[in-house]
Amino acid sequence: MESEFTKIFELIISASLINNFVFTRFLGLCIFFGVSKKMETSVGMSITFTAVMMVSAALSWFIFNYVMVPLDITFLKIIVFIGVIAGLVQASDTIMRKVVPGLYYKLGIYLALISTNCIILAVPLINAGEHYSFIQSLAFGLGSGLGFALALIIMASIRERLELADVPVPFRGLPMAFVVTGLIALAFTGFSGLITL
Amino acid sequence: MAQASTISYWELIKNGIIKDNTIFKLALSLCPSIAVTNNLKNGVLMGVAVLFVQTMVNMTISLMRKVINPKVRLPIFMLVISGWVTITDMSMAAFVPDVYKQMGLYVQLIVAFASILARAEMFASKNKITPSMFDGIGMGLGFLFALTVISFFRELIGKGSLWGHAIINAKPLLILILPAGGFFAVGILMALFNWIDTRYLKAQASGH
């Protein structure tokens with residue numbers, strides 16, 4: 001029991017800090033650069049993201065292990081997972097529109113883009129590839145969500161200040177955001193070796 | 001873009017490479033532009049994979065455009081895309097296993113490329129098969145071009161080699177093949193393209 005708990009803790013830390021999706025695996029960059037202009041939207045996005053990620057990790061674990069493995073159709077995993085995620089996103093889209101219309105109005109297009117987002121799809125694919133157990137898959141989803149949230153919030157706070165800075169003209173906007181991300185990524189390489197899985 | 005008949009095929013390809021370049025101009029599908037570009041071989045192979053998927057998806061959607069009910073078009077597009085990605089994924093695993101081991105995950109994630117879905121929605125579902133094919137080739141070539149440029153510089157400066165062959169004898173700047181270096185490289189190249197763009201526009205404006 002003890003070792004299982006340690007393993008889960010390690011998974012969360014490793015997914016959120018050491019193998020941070022944005023800074024070391026370079027996934028979800030479109031959303032990362034698109035949403036991180038304002039703090040408020042990035043917080044909303046992080047919450048939606050983590051929730052969708054955990055639910056999709058759980059759902060696709062069940063489908064993968066109880067439907068696809070017995071039927072021997074694991075080679076269809078890309079198609080099946082994208083279907084699961086598209087359905088989920090549609091659902092969370094409808095729920096958000098009813099419950100928090102203000103946030104929905106702001107995140108609108110990016111929420112629609114979640115279904116074609118690499119991180120959300122990468123989590124079930126990695127879970128399936130690594131043969132994680134159910135709890136481990138959940139932990140991995142949570143860790144990845146937290147890591148993405150951390151990245152978004154750091155980036156949003158930097159970009160809000162960057163608005164006031166005097167940046168050379170060709171670097172304005174995205175190029176500068178890339179360079180800043182590079183600097184954060186450099187800082188994040190300091191986490192490597194913190195835990196060896 | 002709406003009137004394909006008035007634009008020549010060459011124009012379509014040029015648009016994809018220069019005007020609507022997926023990475024440098026639209027800033028879409030950025031993930032692989034950093035993840036697989038730490039050496040030229042991976043970058044080029046990834047670009048070719050995307051070129052193939054984009055062209056085939058465009059052709060398939062264009063063939064099916066009269067049958068697809070507009071209400072369910074997005075799920076159908078996703079199905080078509082993931083079908084072609086599965087084919088690419090399995091062929092790469094079979095033919096280039098050593099490269100696939102490094103970038104397998106990113107090949108599978110081609111399915112989540114906003115640019116492919118966007119072309120299917122904006123172009124292929126409204127146009128005949130030949131223009132759609134050229135549009136796909138153009139967009140794919142633009143992506144291949146961007147990946148090639150990025151990975152060329154990263155491998156040359158970061159490792160002092162090209163396609164695995166050592167070229168420069170000096171001590172390389174290791175940072176460029178590290179994750180952080182990928183961001184720097186793309187940022188600087190984007191700024192360079194912006195700069196060329198503004199210079200070009202200025203020259204055009206003063207010429208008239």
# chains A, B, ... in the order shown; residues from 1 in each chain; ligands from 1

call {"tool": "residues_around", "arguments": {"residues": "A:Lys37", "least_positions_apart": "6", "cutoff": "10 Å", "atoms": "only C-alpha atoms", "output": "number ranges by chain"}}
result
A: 152-153, 155-160, 162-163, 173, 177

call {"tool": "interface_residues", "arguments": {"of": "chain B", "to": "chain A", "cutoff": "7 Å", "atoms": "only C-alpha atoms", "output": "VMD selection string"}}
result
chain B and resid 28 to 31 34 to 35 79 82 to 83 86 108 to 109 112 to 114 179 to 181 183 to 184 186 to 188 190 to 191 194 to 195

call {"tool": "residues_around", "arguments": {"residues": "stretch 90-93 of chain B", "least_positions_apart": "5", "cutoff": "8 Å", "atoms": "only C-alpha atoms", "output": "PyMOL selection string"}}
result
chain B and resi 100-101+104

call {"tool": "write_last_selection", "arguments": {"atoms": "C-alpha atoms", "output": "mmCIF file, in the first residue's frame"}}
result
data_model
loop_
_atom_site.group_PDB
_atom_site.id
_atom_site.type_symbol
_atom_site.label_atom_id
_atom_site.label_comp_id
_atom_site.auth_asym_id
_atom_site.auth_seq_id
_atom_site.Cartn_x
_atom_site.Cartn_y
_atom_site.Cartn_z
ATOM 1 C CA TYR B 100 9.721 5.942 -34.912
ATOM 2 C CA LYS B 101 11.037 5.011 -31.478
ATOM 3 C CA GLY B 104 6.185 7.797 -32.400
#

call {"tool": "residues_around", "arguments": {"residues": "A:Met53", "least_positions_apart": "4", "cutoff": "7 Å", "atoms": "only C-alpha atoms", "output": "MDAnalysis selection string"}}
result
chainID A and resid 49 57 120 141 145

call {"tool": "write_last_selection", "arguments": {"atoms": "N, CA and C atoms", "output": "mmCIF file, in the first residue's frame"}}
result
data_model
loop_
_atom_site.group_PDB
_atom_site.id
_atom_site.type_symbol
_atom_site.label_atom_id
_atom_site.label_comp_id
_atom_site.auth_asym_id
_atom_site.auth_seq_id
_atom_site.Cartn_x
_atom_site.Cartn_y
_atom_site.Cartn_z
ATOM 1 N N PHE A 49 -9.161 22.201 -18.409
ATOM 2 C CA PHE A 49 -8.200 21.267 -18.960
ATOM 3 C C PHE A 49 -7.958 20.088 -18.029
ATOM 4 N N ALA A 57 -8.830 10.466 -19.157
ATOM 5 C CA ALA A 57 -7.889 9.402 -18.806
ATOM 6 C C ALA A 57 -8.645 8.201 -18.246
ATOM 7 N N ILE A 120 -4.479 16.490 -24.410
ATOM 8 C CA ILE A 120 -5.624 15.686 -24.004
ATOM 9 C C ILE A 120 -5.557 14.317 -24.668
ATOM 10 N N GLY A 141 -2.995 11.717 -15.347
ATOM 11 C CA GLY A 141 -3.859 12.773 -15.882
ATOM 12 C C GLY A 141 -3.830 13.997 -14.996
ATOM 13 N N GLY A 145 -2.324 17.661 -15.893
ATOM 14 C CA GLY A 145 -3.196 18.836 -15.829
ATOM 15 C C GLY A 145 -2.584 19.914 -14.964
#

call {"tool": "select_by_dssp", "arguments": {"residues": "chain B", "states": "strand (DSSP E)", "output": "count of residues only"}}
result
4
